[in-house]
There are 2 protein chains.
Amino acid sequence: MKLENNVAHFTSPLYLESGRILEPYKIAYETYGELNEDASNVVLVCHALSGSHHAAGHYEGDKKAGWWDELIGDGKAIDTNKHFVISTNVIGSCFGSTGPMHNNYPSHNLFRLKFPVLTIKDMIKAQKQLLSQLGIHHVKAIIGGSMGGMQALQFAVDYPNFSDKIISLASTYATQPWAIAFNKVAVEAIRRDPRFENGQYDKDAFKENGLDGLAIGRIAGHISYLSPDSMNKKFGRNYVNNDGLFELFGRYEVERYMEYNTDNFSKNFDPLSYLYIVKAINTFNLSRGYDSLYDAIIRIKAETILISFKGDYLFFPREMEHIHTMMQRNKQTSSYYEIDSNYGHDAFLVEIDKFDSIIKETLEN
Amino acid sequence: MKLENNVAHFTSPLYLESGRILEPYKIAYETYGELNEDASNVVLVCHALSGSHHAAGHYEGDKKAGWWDELIGDGKAIDTNKHFVISTNVIGSCFGSTGPMHNNYPSHNLFRLKFPVLTIKDMIKAQKQLLSQLGIHHVKAIIGGSMGGMQALQFAVDYPNFSDKIISLASTYATQPWAIAFNKVAVEAIRRDPRFENGQYDKDAFKENGLDGLAIGRIAGHISYLSPDSMNKKFGRNYVNNDGLFELFGRYEVERYMEYNTDNFSKNFDPLSYLYIVKAINTFNLSRGYDSLYDAIIRIKAETILISFKGDYLFFPREMEHIHTMMQRNKQTSSYYEIDSNYGHDAFLVEIDKFDSIIKETLEN
C-alpha cells in the first residue's frame, strides 16, 4: 500500500456556518493507493472525535498502525489496490489541520478561545476544498464512524451529487442529549482544571503531564464507548489485585480500563481542540439549514448504507434506523444493518470483522 | 407527624468487614411517628449515596422537605400515624454520623484518608447497633432505594430474622462494572483536583466555592440517574439561549441540568465522604462472605419486595429480577415489580406515585 502524508494550504476564505471566516487554513491528510486515470476510484474516510488523518498503515518506527488499518489496505475491505483512499484531519483538530492552537492570522497570536466555533458542515466544506484542489470533483464513497459517520451523512445532504455512496457507522441524524451529557463531563473537567488557564496554557504545558481535566473527560468518554454487557464480559467484578478490596483506592479491572490511556491521551491531544470538536459533535443536526429533517434527508441521492451496533450506548441503533425509515418512505436507496454486537459504540473501531464484508460489497458492486 | 432528630453515641467497637475497628462512633438519625407499646411498628428507611437521615418533614425555616417526604408522613404510604419510622445517616457520610472528617480517636487528628474502608455490611451493622440501643430488636420493614436498597437486601441476608419485610428499589445484588465506571469519574475528578490536597484540605475549604472535582463527579452521576429517553423528553436539543449555538460555551438545556446543583452539592457534601461511600457502593456484593450468591439469597426469610424501573440505566431491571428469579426457584417469598418509567434511576426519588401503593400495601397487609 502506498501511503502519502501531506498538508494542503488554502488562502481563500472558508465561510463558516457561524458567519465567521477561517482564512488562511490548512488540512493535513493521508492517501493510500493510487488515483486511477478518470479519478473514479476515490474513497474519502472521515475520522471520529479523537482520531486523525492517520487511518491506515505504519510510519517507520511506529508500533501502532492507523485507526482503521484492519479495514483499509491491500486486499482489505477498502482495497487500496482498487481505490484511492483519502483521509483528512478535520479542521479544529490538533494533528496538522488548522485548529485553536494555530496563529490567528494576520496576528502572531494563537487563536485559543478566539478560534471560531466549527460544525460538521464546516468540516466537510473544508474537505471538499481539499478534494477540489486535488482535482477531485466526485467520489465513489464517503465512509466514517461516529463523528466520521456524521460527516458522511452531512456530505450526502449538503452535496447530493458529490458521492455515489455513503457509509455511516455508529452515528445519528442529530446528537441527542444523552451524548451531549457525556461530553459535558469533559467540557467542565477541562474548563475547571486550573492548568487549563482559561485556554491560555503554554503550548507544551501538557507534554510531560497531560491535563487532568482532559483525562477525566476521557474516562467519561470510555463509559459511553462501551456498554454494560461488554463491561460485564470484559471485566466483571474483578480486582486488579486482591488486596484492593479494603483499600480506598484499590481498583477494579474496569477502573483500570477507564484509566487506560487517558493520561497518554491527555499528553497528546490538545484540550482546546477537544472542546471545539466536542462542540461540533454536540451541534450536529442534519436538519439545521433545512426546513426539517425530512427536507434534509430527501436531498440525499447517494446509496446510503447505515450500520449500527446493538450494544451502542452512545448513538443508539434506533437513531440510525430512523434515517433508514425516512429514506425508505421517500423511496430513496438505503440499507440499514444492525450488527449483533455487545461491544458498545467502539465496535466500529474494533469489531471490523463483523461489518467489513458489507463495506467491501458496497464498494465493489 | 412527630419528627425527632438525634445523635446516638457508641463506645463499644464496631468490627468492620475489613478487619479494622471503628471506636467510638456516632450515628445521626431521625424518627417520625411514635413507637407502639410492643415495638412492632418499626420501619427502617435507608438512604442513597448523596442522601442523609433527613428523609421526611421540614425543619423550621427549611424550604425543602426530606428526600422521601412524598412517601413518609401522616396518611402517606409509609404512614407515620401507624408506623414508627427510623432513618439513619450511614457511617462514613457527612451529616452527623462518624466519617473521615471526624477525629481519629484517641488522637485529635481527623481520620481523612486513614478512615477505614466501609462496606454496606458495615453500614447496616452500625444501624443495627443503633436499633439495639433504642430497644428495638425486630422491625416490621426495611426500605430503601439505590444504595438504600442495597442496605435493605444486605439486612435480609445478614440478619434473616430481623425484619418481616424488605423493600428494595432501583438496586442490585452486586454492583456491576457499568456503575463502577460512572463512580470512577468522581473518584478521579476528586483525587486529581489540586484543592483536594490528597485529602489534607481545610475542613471549611469548600464552603464558599465547592470542590470542582466533586461537581464534575456529580455531573457524571446525573447522567447515570437519568436515561436517554428521559433526557430526550425533558430537554431535547434545546438551547438555554438561542445565541448559544455558535458560542463555544453556549449551553444546551441538558448541560444546564447536568450543572444543576452540582456547585451547591460540592459546597455541602464532603469529598472524602463521597469517596468512602462510592467505595462502599462499588464493593457491594451480596455473595461476599457466603459461598455463593445462592448461599446468600437462600438465607433470606423476610418477604422481599423488589421494585425496578424500566428506564433505570444505572442498576438495570434485570439485576433486580435476578434476585427474584433465584428466590422463586428457592420457593422464598418475593415479589418483583418493573415499573413502567423512562425517568431513569432517579425514578425512586421522583416518581413516588408510580410505586407508593405497592409500599402501602406491603406495610399494611
# chains A, B, ... in the order shown; residues from 1 in each chain; ligands from 1
>>> residues_around(residues="A:Ala152", least_positions_apart="2", cutoff="9 Å", atoms="only C-alpha atoms", output="list in words")
Leu44, Val45, Cys46, Ile124, Ala141, Ile142, Ile143, Gly144, Gly145, Met147, Gly148, Gly149, Met150, Gln154, Phe155, Ala156, Val157, Ile166, Ile167 and Ser168 of chain A
>>> select_by_dssp(residues="stretch 32-249 of chain A", states="strand (DSSP E)", output="compact mmCIF listing (two decimals) with C-alpha atoms, in the first residue's frame")
# COMPACT_ATOMS: atom_id res chain seq x y z
CA TYR A 32 -3.49 5.27 0.32
CA VAL A 42 -11.80 7.85 -4.71
CA VAL A 43 -12.95 6.83 -1.24
CA LEU A 44 -13.00 9.52 1.43
CA VAL A 45 -12.58 8.35 5.02
CA CYS A 46 -13.70 10.57 7.91
CA ILE A 72 -8.02 -0.18 4.70
CA GLY A 73 -5.17 -1.76 2.75
CA ILE A 78 -11.38 -0.80 1.42
CA ASP A 79 -8.92 -2.26 -1.04
CA PHE A 84 -7.55 5.78 -3.90
CA VAL A 85 -8.34 6.47 -0.28
CA ILE A 86 -8.12 9.95 1.22
CA SER A 87 -8.27 10.60 4.93
CA THR A 88 -8.12 14.15 6.26
CA VAL A 139 -16.03 10.49 -5.21
CA LYS A 140 -17.11 6.89 -5.17
CA ALA A 141 -17.80 6.67 -1.48
CA ILE A 142 -17.56 8.54 1.80
CA ILE A 143 -17.24 6.45 4.91
CA GLY A 144 -16.88 7.10 8.60
CA GLY A 145 -17.98 6.06 12.08
CA SER A 163 -20.57 10.90 -3.74
CA ASP A 164 -22.10 7.75 -5.24
CA LYS A 165 -22.24 6.01 -1.89
CA ILE A 166 -22.28 6.93 1.76
CA ILE A 167 -21.42 4.52 4.54
CA SER A 168 -22.18 5.84 8.01
CA LEU A 169 -21.48 3.71 11.09
>>> residues_around(residues="A:Lys331", least_positions_apart="2", cutoff="12 Å", atoms="only C-alpha atoms", output="JSON, numbers by chain")
{"A": [297, 298, 299, 300, 301, 303, 304, 324, 325, 326, 327, 328, 329, 333, 334, 335]}
>>> residues_around(residues="A:His53", least_positions_apart="3", cutoff="7 Å", atoms="only C-alpha atoms", output="ChimeraX atom specification")
/A:28-30,47,87-89
>>> write_last_selection(atoms="C-alpha atoms", output="PDB file, in the first residue's frame")
ATOM      1  CA  ALA A  28      -3.369  17.551   6.882  1.00  0.00           C
ATOM      2  CA  TYR A  29      -4.228  14.372   5.023  1.00  0.00           C
ATOM      3  CA  GLU A  30      -3.051  10.952   4.034  1.00  0.00           C
ATOM      4  CA  HIS A  47     -12.430  10.257  11.473  1.00  0.00           C
ATOM      5  CA  SER A  87      -8.266  10.598   4.932  1.00  0.00           C
ATOM      6  CA  THR A  88      -8.120  14.149   6.262  1.00  0.00           C
ATOM      7  CA  ASN A  89      -7.631  15.623   9.703  1.00  0.00           C
TER       8      ASN A  89
END
>>> residues_around(residues="B:Ser230", least_positions_apart="6", cutoff="10 Å", atoms="only C-alpha atoms", output="number ranges by chain")
A: 177-178; B: 236, 311, 341-344
>>> atom_distance(atom1="atom CA of B:Phe348", atom2="atom CA of A:Thr175")
28.0 Å
>>> residues_around(residues="A:Gly289", least_positions_apart="3", cutoff="10 Å", atoms="only C-alpha atoms", output="compact mmCIF listing (two decimals) with N, CA and C atoms, in the first residue's frame")
# COMPACT_ATOMS: atom_id res chain seq x y z
N GLU A 17 -20.36 28.15 9.10
CA GLU A 17 -21.80 28.18 9.37
C GLU A 17 -22.16 29.29 10.36
N LYS A 121 -20.78 20.62 9.28
CA LYS A 121 -20.91 21.24 7.94
C LYS A 121 -19.61 21.93 7.53
N ASP A 158 -25.66 17.83 2.11
CA ASP A 158 -25.24 19.15 1.62
C ASP A 158 -24.80 19.11 0.16
N ASN A 285 -26.67 18.32 13.58
CA ASN A 285 -28.11 18.16 13.38
C ASN A 285 -28.37 18.29 11.89
N LEU A 286 -28.61 17.17 11.24
CA LEU A 286 -28.76 17.16 9.77
C LEU A 286 -29.79 18.17 9.30
N SER A 292 -36.65 21.03 7.70
CA SER A 292 -36.97 19.93 8.61
C SER A 292 -36.00 18.79 8.33
N LEU A 293 -36.03 17.78 9.16
CA LEU A 293 -35.18 16.62 8.90
C LEU A 293 -35.60 15.96 7.58
N ASP A 295 -36.77 17.48 4.96
CA ASP A 295 -36.21 18.28 3.87
C ASP A 295 -34.71 18.07 3.69
N ALA A 296 -34.04 17.74 4.76
CA ALA A 296 -32.61 17.44 4.65
C ALA A 296 -32.41 16.07 4.01
>>> atom_distance(atom1="atom CA of B:Arg256", atom2="atom CA of B:Phe235")
9.7 Å
>>> atom_distance(atom1="atom CA of A:Ala55", atom2="atom CA of A:Pro228")
28.2 Å
>>> closest_residue(among="A:Leu314, A:Phe309, A:Tyr59, A:Phe284", to="A:Ile120", atoms="only C-alpha atoms")
A:Phe284
>>> closest_residue(among="A:Asn241, A:Ala280, A:Thr98, A:Ile216", to="A:Asn261", atoms="only C-alpha atoms")
A:Ile216
>>> residues_around(residues="A:Glu37", least_positions_apart="2", cutoff="12 Å", atoms="only C-alpha atoms", output="PyMOL selection string")
chain A and resi 34-35+39-42+83-84+135-136
>>> decode(residues="stretch 317-359 of chain A", atoms="N, CA and C atoms", output="PDB file, in the first residue's frame")
ATOM      1  N   PRO A 317     -28.970   2.383  18.077  1.00  0.00           N
ATOM      2  CA  PRO A 317     -29.383   1.897  16.751  1.00  0.00           C
ATOM      3  C   PRO A 317     -30.646   2.595  16.237  1.00  0.00           C
ATOM      4  N   ARG A 318     -31.594   2.874  17.105  1.00  0.00           N
ATOM      5  CA  ARG A 318     -32.846   3.485  16.637  1.00  0.00           C
ATOM      6  C   ARG A 318     -32.601   4.835  15.954  1.00  0.00           C
ATOM      7  N   GLU A 319     -31.497   5.494  16.290  1.00  0.00           N
ATOM      8  CA  GLU A 319     -31.206   6.784  15.659  1.00  0.00           C
ATOM      9  C   GLU A 319     -30.818   6.596  14.195  1.00  0.00           C
ATOM     10  N   MET A 320     -30.039   5.559  13.930  1.00  0.00           N
ATOM     11  CA  MET A 320     -29.657   5.254  12.553  1.00  0.00           C
ATOM     12  C   MET A 320     -30.858   4.709  11.788  1.00  0.00           C
ATOM     13  N   GLU A 321     -31.626   3.873  12.482  1.00  0.00           N
ATOM     14  CA  GLU A 321     -32.792   3.252  11.841  1.00  0.00           C
ATOM     15  C   GLU A 321     -33.782   4.331  11.406  1.00  0.00           C
ATOM     16  N   HIS A 322     -33.848   5.393  12.177  1.00  0.00           N
ATOM     17  CA  HIS A 322     -34.761   6.495  11.873  1.00  0.00           C
ATOM     18  C   HIS A 322     -34.458   7.090  10.493  1.00  0.00           C
ATOM     19  N   ILE A 323     -33.174   7.223  10.180  1.00  0.00           N
ATOM     20  CA  ILE A 323     -32.779   7.754   8.863  1.00  0.00           C
ATOM     21  C   ILE A 323     -33.248   6.791   7.768  1.00  0.00           C
ATOM     22  N   HIS A 324     -32.979   5.512   8.019  1.00  0.00           N
ATOM     23  CA  HIS A 324     -33.364   4.488   7.037  1.00  0.00           C
ATOM     24  C   HIS A 324     -34.881   4.496   6.809  1.00  0.00           C
ATOM     25  N   THR A 325     -35.628   4.555   7.884  1.00  0.00           N
ATOM     26  CA  THR A 325     -37.092   4.550   7.779  1.00  0.00           C
ATOM     27  C   THR A 325     -37.559   5.732   6.938  1.00  0.00           C
ATOM     28  N   MET A 326     -36.981   6.892   7.185  1.00  0.00           N
ATOM     29  CA  MET A 326     -37.367   8.073   6.402  1.00  0.00           C
ATOM     30  C   MET A 326     -37.013   7.884   4.930  1.00  0.00           C
ATOM     31  N   MET A 327     -35.815   7.377   4.680  1.00  0.00           N
ATOM     32  CA  MET A 327     -35.369   7.206   3.293  1.00  0.00           C
ATOM     33  C   MET A 327     -36.225   6.176   2.565  1.00  0.00           C
ATOM     34  N   GLN A 328     -36.593   5.114   3.272  1.00  0.00           N
ATOM     35  CA  GLN A 328     -37.440   4.085   2.656  1.00  0.00           C
ATOM     36  C   GLN A 328     -38.809   4.666   2.306  1.00  0.00           C
ATOM     37  N   ARG A 329     -39.313   5.472   3.233  1.00  0.00           N
ATOM     38  CA  ARG A 329     -40.627   6.093   2.999  1.00  0.00           C
ATOM     39  C   ARG A 329     -40.560   6.998   1.760  1.00  0.00           C
ATOM     40  N   ASN A 330     -39.377   7.639   1.580  1.00  0.00           N
ATOM     41  CA  ASN A 330     -39.184   8.534   0.426  1.00  0.00           C
ATOM     42  C   ASN A 330     -38.752   7.778  -0.835  1.00  0.00           C
ATOM     43  N   LYS A 331     -38.676   6.451  -0.724  1.00  0.00           N
ATOM     44  CA  LYS A 331     -38.189   5.619  -1.829  1.00  0.00           C
ATOM     45  C   LYS A 331     -36.768   5.984  -2.262  1.00  0.00           C
ATOM     46  N   GLN A 332     -35.951   6.384  -1.295  1.00  0.00           N
ATOM     47  CA  GLN A 332     -34.524   6.601  -1.562  1.00  0.00           C
ATOM     48  C   GLN A 332     -33.780   5.284  -1.340  1.00  0.00           C
ATOM     49  N   THR A 333     -32.543   5.220  -1.864  1.00  0.00           N
ATOM     50  CA  THR A 333     -31.793   3.958  -1.778  1.00  0.00           C
ATOM     51  C   THR A 333     -30.996   3.902  -0.483  1.00  0.00           C
ATOM     52  N   SER A 334     -31.473   3.125   0.443  1.00  0.00           N
ATOM     53  CA  SER A 334     -30.740   2.973   1.701  1.00  0.00           C
ATOM     54  C   SER A 334     -30.786   1.534   2.182  1.00  0.00           C
ATOM     55  N   SER A 335     -29.752   1.159   2.924  1.00  0.00           N
ATOM     56  CA  SER A 335     -29.742  -0.145   3.596  1.00  0.00           C
ATOM     57  C   SER A 335     -29.382   0.108   5.049  1.00  0.00           C
ATOM     58  N   TYR A 336     -30.004  -0.657   5.909  1.00  0.00           N
ATOM     59  CA  TYR A 336     -29.733  -0.497   7.330  1.00  0.00           C
ATOM     60  C   TYR A 336     -29.304  -1.833   7.911  1.00  0.00           C
ATOM     61  N   TYR A 337     -28.197  -1.830   8.621  1.00  0.00           N
ATOM     62  CA  TYR A 337     -27.713  -3.049   9.276  1.00  0.00           C
ATOM     63  C   TYR A 337     -27.576  -2.785  10.770  1.00  0.00           C
ATOM     64  N   GLU A 338     -28.179  -3.661  11.562  1.00  0.00           N
ATOM     65  CA  GLU A 338     -27.953  -3.573  12.999  1.00  0.00           C
ATOM     66  C   GLU A 338     -27.076  -4.763  13.370  1.00  0.00           C
ATOM     67  N   ILE A 339     -25.804  -4.481  13.596  1.00  0.00           N
ATOM     68  CA  ILE A 339     -24.838  -5.548  13.834  1.00  0.00           C
ATOM     69  C   ILE A 339     -25.023  -6.082  15.255  1.00  0.00           C
ATOM     70  N   ASP A 340     -25.033  -7.404  15.349  1.00  0.00           N
ATOM     71  CA  ASP A 340     -25.215  -8.054  16.644  1.00  0.00           C
ATOM     72  C   ASP A 340     -23.909  -7.980  17.429  1.00  0.00           C
ATOM     73  N   SER A 341     -23.781  -6.976  18.215  1.00  0.00           N
ATOM     74  CA  SER A 341     -22.550  -6.769  18.968  1.00  0.00           C
ATOM     75  C   SER A 341     -22.893  -6.140  20.299  1.00  0.00           C
ATOM     76  N   ASN A 342     -22.296  -6.639  21.349  1.00  0.00           N
ATOM     77  CA  ASN A 342     -22.485  -6.017  22.656  1.00  0.00           C
ATOM     78  C   ASN A 342     -21.289  -5.183  23.050  1.00  0.00           C
ATOM     79  N   TYR A 343     -20.371  -4.993  22.106  1.00  0.00           N
ATOM     80  CA  TYR A 343     -19.137  -4.297  22.458  1.00  0.00           C
ATOM     81  C   TYR A 343     -19.404  -2.869  22.910  1.00  0.00           C
ATOM     82  N   GLY A 344     -20.375  -2.240  22.275  1.00  0.00           N
ATOM     83  CA  GLY A 344     -20.633  -0.831  22.559  1.00  0.00           C
ATOM     84  C   GLY A 344     -20.280   0.016  21.346  1.00  0.00           C
ATOM     85  N   HIS A 345     -20.274   1.330  21.542  1.00  0.00           N
ATOM     86  CA  HIS A 345     -20.021   2.264  20.452  1.00  0.00           C
ATOM     87  C   HIS A 345     -18.715   1.966  19.714  1.00  0.00           C
ATOM     88  N   ASP A 346     -17.676   1.607  20.456  1.00  0.00           N
ATOM     89  CA  ASP A 346     -16.362   1.375  19.859  1.00  0.00           C
ATOM     90  C   ASP A 346     -16.318   0.197  18.894  1.00  0.00           C
ATOM     91  N   ALA A 347     -17.413  -0.545  18.781  1.00  0.00           N
ATOM     92  CA  ALA A 347     -17.441  -1.682  17.857  1.00  0.00           C
ATOM     93  C   ALA A 347     -17.003  -1.266  16.456  1.00  0.00           C
ATOM     94  N   PHE A 348     -17.317  -0.032  16.055  1.00  0.00           N
ATOM     95  CA  PHE A 348     -16.944   0.386  14.685  1.00  0.00           C
ATOM     96  C   PHE A 348     -15.429   0.452  14.522  1.00  0.00           C
ATOM     97  N   LEU A 349     -14.698   0.511  15.619  1.00  0.00           N
ATOM     98  CA  LEU A 349     -13.233   0.541  15.576  1.00  0.00           C
ATOM     99  C   LEU A 349     -12.609  -0.827  15.823  1.00  0.00           C
ATOM    100  N   VAL A 350     -13.312  -1.682  16.558  1.00  0.00           N
ATOM    101  CA  VAL A 350     -12.657  -2.914  16.999  1.00  0.00           C
ATOM    102  C   VAL A 350     -13.287  -4.202  16.468  1.00  0.00           C
ATOM    103  N   GLU A 351     -14.522  -4.142  16.037  1.00  0.00           N
ATOM    104  CA  GLU A 351     -15.136  -5.384  15.548  1.00  0.00           C
ATOM    105  C   GLU A 351     -15.309  -5.356  14.025  1.00  0.00           C
ATOM    106  N   ILE A 352     -14.219  -5.012  13.363  1.00  0.00           N
ATOM    107  CA  ILE A 352     -14.183  -4.834  11.913  1.00  0.00           C
ATOM    108  C   ILE A 352     -14.739  -6.047  11.174  1.00  0.00           C
ATOM    109  N   ASP A 353     -14.402  -7.235  11.699  1.00  0.00           N
ATOM    110  CA  ASP A 353     -14.809  -8.471  11.003  1.00  0.00           C
ATOM    111  C   ASP A 353     -16.325  -8.637  10.984  1.00  0.00           C
ATOM    112  N   LYS A 354     -17.019  -7.881  11.794  1.00  0.00           N
ATOM    113  CA  LYS A 354     -18.480  -8.008  11.819  1.00  0.00           C
ATOM    114  C   LYS A 354     -19.162  -7.187  10.724  1.00  0.00           C
ATOM    115  N   PHE A 355     -18.418  -6.264  10.104  1.00  0.00           N
ATOM    116  CA  PHE A 355     -19.079  -5.427   9.094  1.00  0.00           C
ATOM    117  C   PHE A 355     -18.230  -5.186   7.850  1.00  0.00           C
ATOM    118  N   ASP A 356     -16.986  -5.704   7.824  1.00  0.00           N
ATOM    119  CA  ASP A 356     -16.139  -5.348   6.681  1.00  0.00           C
ATOM    120  C   ASP A 356     -16.675  -5.902   5.356  1.00  0.00           C
ATOM    121  N   SER A 357     -17.404  -7.037   5.429  1.00  0.00           N
ATOM    122  CA  SER A 357     -17.943  -7.599   4.182  1.00  0.00           C
ATOM    123  C   SER A 357     -19.013  -6.667   3.586  1.00  0.00           C
ATOM    124  N   ILE A 358     -19.767  -6.006   4.448  1.00  0.00           N
ATOM    125  CA  ILE A 358     -20.776  -5.052   3.953  1.00  0.00           C
ATOM    126  C   ILE A 358     -20.080  -3.921   3.206  1.00  0.00           C
ATOM    127  N   ILE A 359     -18.966  -3.470   3.766  1.00  0.00           N
ATOM    128  CA  ILE A 359     -18.243  -2.344   3.156  1.00  0.00           C
ATOM    129  C   ILE A 359     -17.600  -2.775   1.838  1.00  0.00           C
TER     130      ILE A 359
END
